[in-house]
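Read the structure below first, then the notes.
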Amino acid sequence: MIVATIIFMSNSICKFQYNKKCKEVPLMKKEKLKELLSFLLKATDYVTSEQLAEHFKISKVTIIRWISYINNHYEQPMIISERGIGYKLNYSTYLRTISFMDFDSEEERCREVIRELLLIAPKSKRIDLIYDKFFISESVMKKDQQIISKKLERYGLQLERHNRSLAIVGNEKCVRDAIMEMVLNVHQATDITAIEKYSKDINHSDFKFAIRQLEFASDVLGEPIQYPYNISFFSHIYVLLNRVKHYQSVTVGDDFKELKQEERLAQPEIYSVCKQIIRNIVQYLGREIEQNEVYYLFDYLSSARLDKETDHVLIRDLTKRITEDYISIVSKKLNIVFEASILHELSFHIQYMLERLEKDILLTNALLEEIALGYKGIYEAVLEASVTISNYYLLPTISRDESGFIALYFAKYLELGIKKINAYVICTTGLGTSELLAVKIRQTLPAIQIVGMSASINISKTIHSSPHTIDLLISTVPIKEQVDIPVVLVSAILTSRDIVALNTTVGELVNEN
């Protein structure tokens with residue numbers, strides 16, 4: 001399934017520039033920018049300025065200004081322009097940058113202040129030094145601080161103002177969780193290299209060192225640490241480097257230490273890896289680190305699902321009951337019976353999720369928006385199940401991120417269980433062309449199963465003589481005969497527009513089923 005991610009943007013306040021391009025920018029509405037990019041995302045070919053102007057009921061000049069404004073935000077144009085042809089979305093640029101787009105100066109300003117204060121927390125910084133680059137009034141600063149305080153509540157942190165200075169205060173673990181998301185943007189990255197490219201304030205030496213520690217862990221454990229656990233473990237190491245530089249360490253109680261002693265006996269290889277990484281950090285920074293950091297690093301790595309461990313992991317009774325409850329609730333909500341094998345596969349994920357909940361380990365889901373859009377019904381059913389299960393079993397709140405990962409398991413089994421669409425190809429240009437067309441359809445549209453081909457346009461005879469039930473007719477010539485089966489007219493060489501038309505029809509047929 002191809003999921004089109006819609007871009008969400010806020011009102012833009014253009015910085016004052018002495019050029020004509022900027023004149024209308026402050027008046028642009030976020031909905032219009034969103035609609036423009038969404039429109040181009042759905043288009044399969046170039047769109048003229050006349051077509052865009054007609055669609056949005058505005059002048060061609062305004063369309064050009066909108067496009068110029070969007071393109072000025074990126075190293076490479078987001079929208080391609082061809083003289084005499086029109087405009088087209090630069091899809092590769094869109095995929096590389098969409099998660100990190102931000103058109104809202106108020107939002108970005110508040111995030112910038114949070115990033116700056118998180119990296120020095122709990123130390124304070126004078127307000128005039130924080131805001132001197134923004135050129136805003138005192139009243140706007142006060143409004144910013146209210147917004148920042150609200151954002152920090154999510155992490156259990158507070159913004160303190162004292163003697164014209166600001167500081168972020170709270171539990172050290174909460175500070176680190178906030179740095180991972182607000183500074184490293186881990187909630188937007190499925191690839192570690194994207195963190196370095198798009199996050200601000202990255203120390204490239206520390207980044208490379210953290211990468212080497214992740215590679216070391218993978219080598220010793222004998223398998224690569226996969227997404228999302230690689231992002232989580234890498235981010236923890238990188239943030240640890242920053243916090244140690246500021247002489248900040250996680251504090252733990254005696255009960256916690258005793259528990260870790262027991263866990264390390266159960267997973268000695270993982271504990272040994274974490275201990276060596278801490279030694280490497282001590283050598284890299286040239287300063288000692290408290291033993292607590294070994295335990296904290298161990299929590300992150302031990303709660304990551306490693307494929308080679310699943311063969312001998314003992315699934316607990318609690319895990320099994322919770323997994324069965326998820327399957328039961330989602331099945332009833334969607335009125336779908338899932339294959340029995342989902343219980344085994346989902347159980348492993350649930351067991352590691354329960355460990356993360358117990359250890360308060362944050363696992364962010366960069367795919368969450370696409371999951372919510374592409375598998376809306378499944379995602380909502382899983383969210384409902386997560387609330388019910390966390391309340392019934394007295395668990396910590398199961399986050400939307402975790403629910404998104406669970407939804408992927410149900411989506412996978414739903415996709416596997418979808419009946420293929422039986423299609424019959426009508427092509428009058430010869431058997432060779434028919435075979436080529438069938439091959440292209442099989443390669444690009446796996447949901448379609450070709451059950452027959454014919455050069456005849458006697459459709460009724462074709463349908464009745466076929467041993468298969470025919471759900472769809474794909475024809476290279478117009479079908480004049482009235483039939484109860486959907487007909488899609490395509491080119492003999494199957495163009496991109498044909499693929500879009502077939503995808504749309506297949507989607508409608510699947511939804512009907």
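Note on naming: chains are A, B, ... as they come in the structure tokens, residues start from 1 per chain, ligands start from 1 in the order shown.
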With 6 Å as the cut-off and only C-alpha atoms counted, what is the closest atom pair between each nearby residue of range 447-510 of chain A and range 411-428 of chain A? Distances in Å to one decimal, ordered by chain and number, as a Markdown table.
```
| residue | atom | partner | partner_atom | distance |
| --- | --- | --- | --- | --- |
| A:Ala447 | CA | A:Lys420 | CA | 5.2 |
| A:Ile448 | CA | A:Ile421 | CA | 4.8 |
| A:Gln449 | CA | A:Asn422 | CA | 4.9 |
| A:Ile450 | CA | A:Ala423 | CA | 4.9 |
| A:Val451 | CA | A:Tyr424 | CA | 5.7 |
| A:Gly452 | CA | A:Tyr424 | CA | 5.0 |
| A:Met453 | CA | A:Val425 | CA | 4.6 |
| A:Ser454 | CA | A:Ile426 | CA | 5.1 |
| A:Ala455 | CA | A:Thr428 | CA | 4.5 |
| A:Ile470 | CA | A:Asn422 | CA | 5.2 |
| A:Asp471 | CA | A:Asn422 | CA | 5.2 |
| A:Leu472 | CA | A:Ala423 | CA | 4.6 |
| A:Leu473 | CA | A:Tyr424 | CA | 5.0 |
| A:Ile474 | CA | A:Val425 | CA | 4.8 |
| A:Ser475 | CA | A:Ile426 | CA | 4.5 |
| A:Thr476 | CA | A:Cys427 | CA | 5.3 |
```
Atoms kept (N, CA and C atoms) for selection, written as a short mmCIF file (atom, residue, chain, number, x, y, z; two decimals), in the first residue's frame:
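Written output follows (out04.cif):
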```cif
data_model
loop_
_atom_site.label_atom_id
_atom_site.label_comp_id
_atom_site.auth_asym_id
_atom_site.auth_seq_id
_atom_site.Cartn_x
_atom_site.Cartn_y
_atom_site.Cartn_z
N ALA A 447 -1.79 -6.70 -6.18
CA ALA A 447 -3.15 -7.04 -5.73
C ALA A 447 -4.00 -7.61 -6.86
N ILE A 448 -3.51 -7.49 -8.10
CA ILE A 448 -4.25 -8.00 -9.25
C ILE A 448 -3.71 -9.36 -9.67
N GLN A 449 -4.62 -10.30 -9.88
CA GLN A 449 -4.25 -11.63 -10.38
C GLN A 449 -4.84 -11.79 -11.78
N ILE A 450 -3.95 -11.91 -12.78
CA ILE A 450 -4.42 -12.09 -14.15
C ILE A 450 -4.91 -13.52 -14.33
N VAL A 451 -6.20 -13.68 -14.64
CA VAL A 451 -6.78 -15.04 -14.78
C VAL A 451 -7.01 -15.42 -16.23
N GLY A 452 -6.74 -14.49 -17.16
CA GLY A 452 -6.91 -14.82 -18.56
C GLY A 452 -6.67 -13.63 -19.46
N MET A 453 -6.39 -13.91 -20.76
CA MET A 453 -6.16 -12.87 -21.76
C MET A 453 -6.87 -13.27 -23.04
N SER A 454 -7.32 -12.27 -23.76
CA SER A 454 -8.04 -12.56 -25.00
C SER A 454 -7.93 -11.37 -25.95
N ALA A 455 -7.97 -11.67 -27.25
CA ALA A 455 -8.00 -10.60 -28.26
C ALA A 455 -9.44 -10.31 -28.67
N ILE A 470 -14.48 -13.37 -12.47
CA ILE A 470 -13.76 -12.18 -12.95
C ILE A 470 -14.28 -10.95 -12.21
N ASP A 471 -13.36 -10.25 -11.55
CA ASP A 471 -13.72 -9.05 -10.78
C ASP A 471 -13.49 -7.77 -11.57
N LEU A 472 -12.59 -7.84 -12.57
CA LEU A 472 -12.16 -6.61 -13.25
C LEU A 472 -11.75 -6.94 -14.69
N LEU A 473 -12.16 -6.07 -15.60
CA LEU A 473 -11.72 -6.19 -16.99
C LEU A 473 -10.72 -5.07 -17.28
N ILE A 474 -9.57 -5.44 -17.83
CA ILE A 474 -8.56 -4.46 -18.22
C ILE A 474 -8.45 -4.53 -19.73
N SER A 475 -8.79 -3.46 -20.42
CA SER A 475 -8.87 -3.50 -21.87
C SER A 475 -8.08 -2.37 -22.51
N THR A 476 -7.49 -2.70 -23.68
CA THR A 476 -6.76 -1.67 -24.44
C THR A 476 -7.66 -1.00 -25.47
#
```
So which residues of range 12-180 of chain A fall under strand (DSSP E) by DSSP, listed as a PyMOL selection string? chain A and resi 79-82+86-89+124-126+158-162+165-169
Which neighbours of Arg305 in chain A fall inside 10 Å, counting only C-alpha atoms, when residues of the same chain fewer than 6 positions from it are skipped, and could you give them as a count of residues only?
-> 10
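Atom pair CA of Pro268 in chain A / CA of Ile237 in chain A: separated by 19.6 Å.
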Need to verify the contact set: Asp325 in chain A, 12 Å, only C-alpha atoms, exclusion of same-chain residues closer than 2 positions in sequence. Can you return it as an mmCIF file with N, CA and C atoms, in the first residue's frame?
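In the end it all went to result_6.cif:
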```cif
data_model
loop_
_atom_site.group_PDB
_atom_site.id
_atom_site.type_symbol
_atom_site.label_atom_id
_atom_site.label_comp_id
_atom_site.auth_asym_id
_atom_site.auth_seq_id
_atom_site.Cartn_x
_atom_site.Cartn_y
_atom_site.Cartn_z
ATOM 1 N N LEU A 318 1.316 -13.077 31.394
ATOM 2 C CA LEU A 318 0.728 -11.742 31.275
ATOM 3 C C LEU A 318 0.801 -11.254 29.830
ATOM 4 N N THR A 319 1.947 -11.486 29.198
ATOM 5 C CA THR A 319 2.117 -11.078 27.792
ATOM 6 C C THR A 319 1.093 -11.754 26.909
ATOM 7 N N LYS A 320 0.909 -13.054 27.126
ATOM 8 C CA LYS A 320 -0.028 -13.811 26.304
ATOM 9 C C LYS A 320 -1.452 -13.289 26.478
ATOM 10 N N ARG A 321 -1.838 -13.007 27.726
ATOM 11 C CA ARG A 321 -3.203 -12.518 27.983
ATOM 12 C C ARG A 321 -3.427 -11.151 27.321
ATOM 13 N N ILE A 322 -2.434 -10.280 27.451
ATOM 14 C CA ILE A 322 -2.559 -8.944 26.861
ATOM 15 C C ILE A 322 -2.617 -9.028 25.343
ATOM 16 N N THR A 323 -1.786 -9.890 24.752
ATOM 17 C CA THR A 323 -1.796 -10.061 23.294
ATOM 18 C C THR A 323 -3.142 -10.589 22.827
ATOM 19 N N ILE A 327 -5.879 -8.751 20.240
ATOM 20 C CA ILE A 327 -6.447 -9.412 19.062
ATOM 21 C C ILE A 327 -7.968 -9.456 19.148
ATOM 22 N N SER A 328 -8.480 -9.751 20.334
ATOM 23 C CA SER A 328 -9.927 -9.835 20.524
ATOM 24 C C SER A 328 -10.600 -8.482 20.304
ATOM 25 N N ILE A 329 -10.049 -7.424 20.914
ATOM 26 C CA ILE A 329 -10.667 -6.092 20.816
ATOM 27 C C ILE A 329 -10.607 -5.571 19.387
ATOM 28 N N VAL A 330 -9.431 -5.698 18.755
ATOM 29 C CA VAL A 330 -9.273 -5.188 17.385
ATOM 30 C C VAL A 330 -10.144 -5.993 16.420
ATOM 31 N N SER A 331 -10.215 -7.295 16.607
ATOM 32 C CA SER A 331 -11.034 -8.140 15.732
ATOM 33 C C SER A 331 -12.506 -7.750 15.811
ATOM 34 N N LYS A 332 -13.002 -7.537 17.031
ATOM 35 C CA LYS A 332 -14.406 -7.153 17.208
ATOM 36 C C LYS A 332 -14.674 -5.771 16.621
ATOM 37 N N LEU A 343 -0.843 -14.258 16.851
ATOM 38 C CA LEU A 343 -0.641 -14.328 18.303
ATOM 39 C C LEU A 343 0.831 -14.533 18.633
ATOM 40 N N LEU A 346 2.950 -11.266 17.419
ATOM 41 C CA LEU A 346 2.655 -10.068 18.194
ATOM 42 C C LEU A 346 3.099 -10.215 19.648
ATOM 43 N N SER A 347 3.094 -11.448 20.171
ATOM 44 C CA SER A 347 3.482 -11.679 21.572
ATOM 45 C C SER A 347 4.888 -11.175 21.870
ATOM 46 N N ILE A 350 4.805 -7.401 22.151
ATOM 47 C CA ILE A 350 4.126 -6.987 23.382
ATOM 48 C C ILE A 350 5.040 -7.202 24.592
ATOM 49 N N VAL A 382 -6.687 -0.109 17.561
ATOM 50 C CA VAL A 382 -5.575 -0.412 18.463
ATOM 51 C C VAL A 382 -5.483 0.630 19.583
ATOM 52 N N GLU A 384 -7.928 2.259 20.915
ATOM 53 C CA GLU A 384 -9.002 1.923 21.858
ATOM 54 C C GLU A 384 -8.599 0.721 22.709
ATOM 55 N N ALA A 385 -7.989 -0.278 22.070
ATOM 56 C CA ALA A 385 -7.538 -1.466 22.806
ATOM 57 C C ALA A 385 -6.457 -1.104 23.824
ATOM 58 N N SER A 386 -5.547 -0.197 23.447
ATOM 59 C CA SER A 386 -4.452 0.208 24.345
ATOM 60 C C SER A 386 -4.983 0.862 25.611
ATOM 61 N N VAL A 387 -5.998 1.720 25.460
ATOM 62 C CA VAL A 387 -6.601 2.382 26.632
ATOM 63 C C VAL A 387 -7.266 1.351 27.534
ATOM 64 N N THR A 388 -8.048 0.460 26.927
ATOM 65 C CA THR A 388 -8.753 -0.579 27.690
ATOM 66 C C THR A 388 -7.770 -1.474 28.430
ATOM 67 N N ILE A 389 -6.726 -1.909 27.745
ATOM 68 C CA ILE A 389 -5.751 -2.839 28.331
ATOM 69 C C ILE A 389 -4.929 -2.175 29.426
ATOM 70 N N SER A 390 -4.477 -0.942 29.202
ATOM 71 C CA SER A 390 -3.673 -0.260 30.230
ATOM 72 C C SER A 390 -4.498 -0.014 31.494
ATOM 73 N N TYR A 392 -7.207 -1.893 32.462
ATOM 74 C CA TYR A 392 -7.558 -3.179 33.069
ATOM 75 C C TYR A 392 -6.375 -3.799 33.812
ATOM 76 N N TYR A 393 -5.191 -3.738 33.209
ATOM 77 C CA TYR A 393 -4.009 -4.366 33.811
ATOM 78 C C TYR A 393 -3.184 -3.389 34.655
#
```
Please indicate the distance in Å from CA of Cys274 in chain A to CA of Leu357 in chain A, rounded to one decimal place.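 Separation of CA of Cys274 in chain A and CA of Leu357 in chain A: 20.4 Å.
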**Request:** Would you list the contacts of Leu89 in chain A as JSON, numbers by chain, taking every protein, DNA or RNA residue within 10 Å and counting only C-alpha atoms, but skipping same-chain residues closer than 4 positions in sequence?
**Result:** {"A": [37, 38, 39, 40, 41, 42, 43, 44, 45, 46, 47, 77, 78, 79, 80, 81, 93, 94]}
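Relative to CA of Ser403 in chain A, CA of Ser341 in chain A is found at 19.6 Å.
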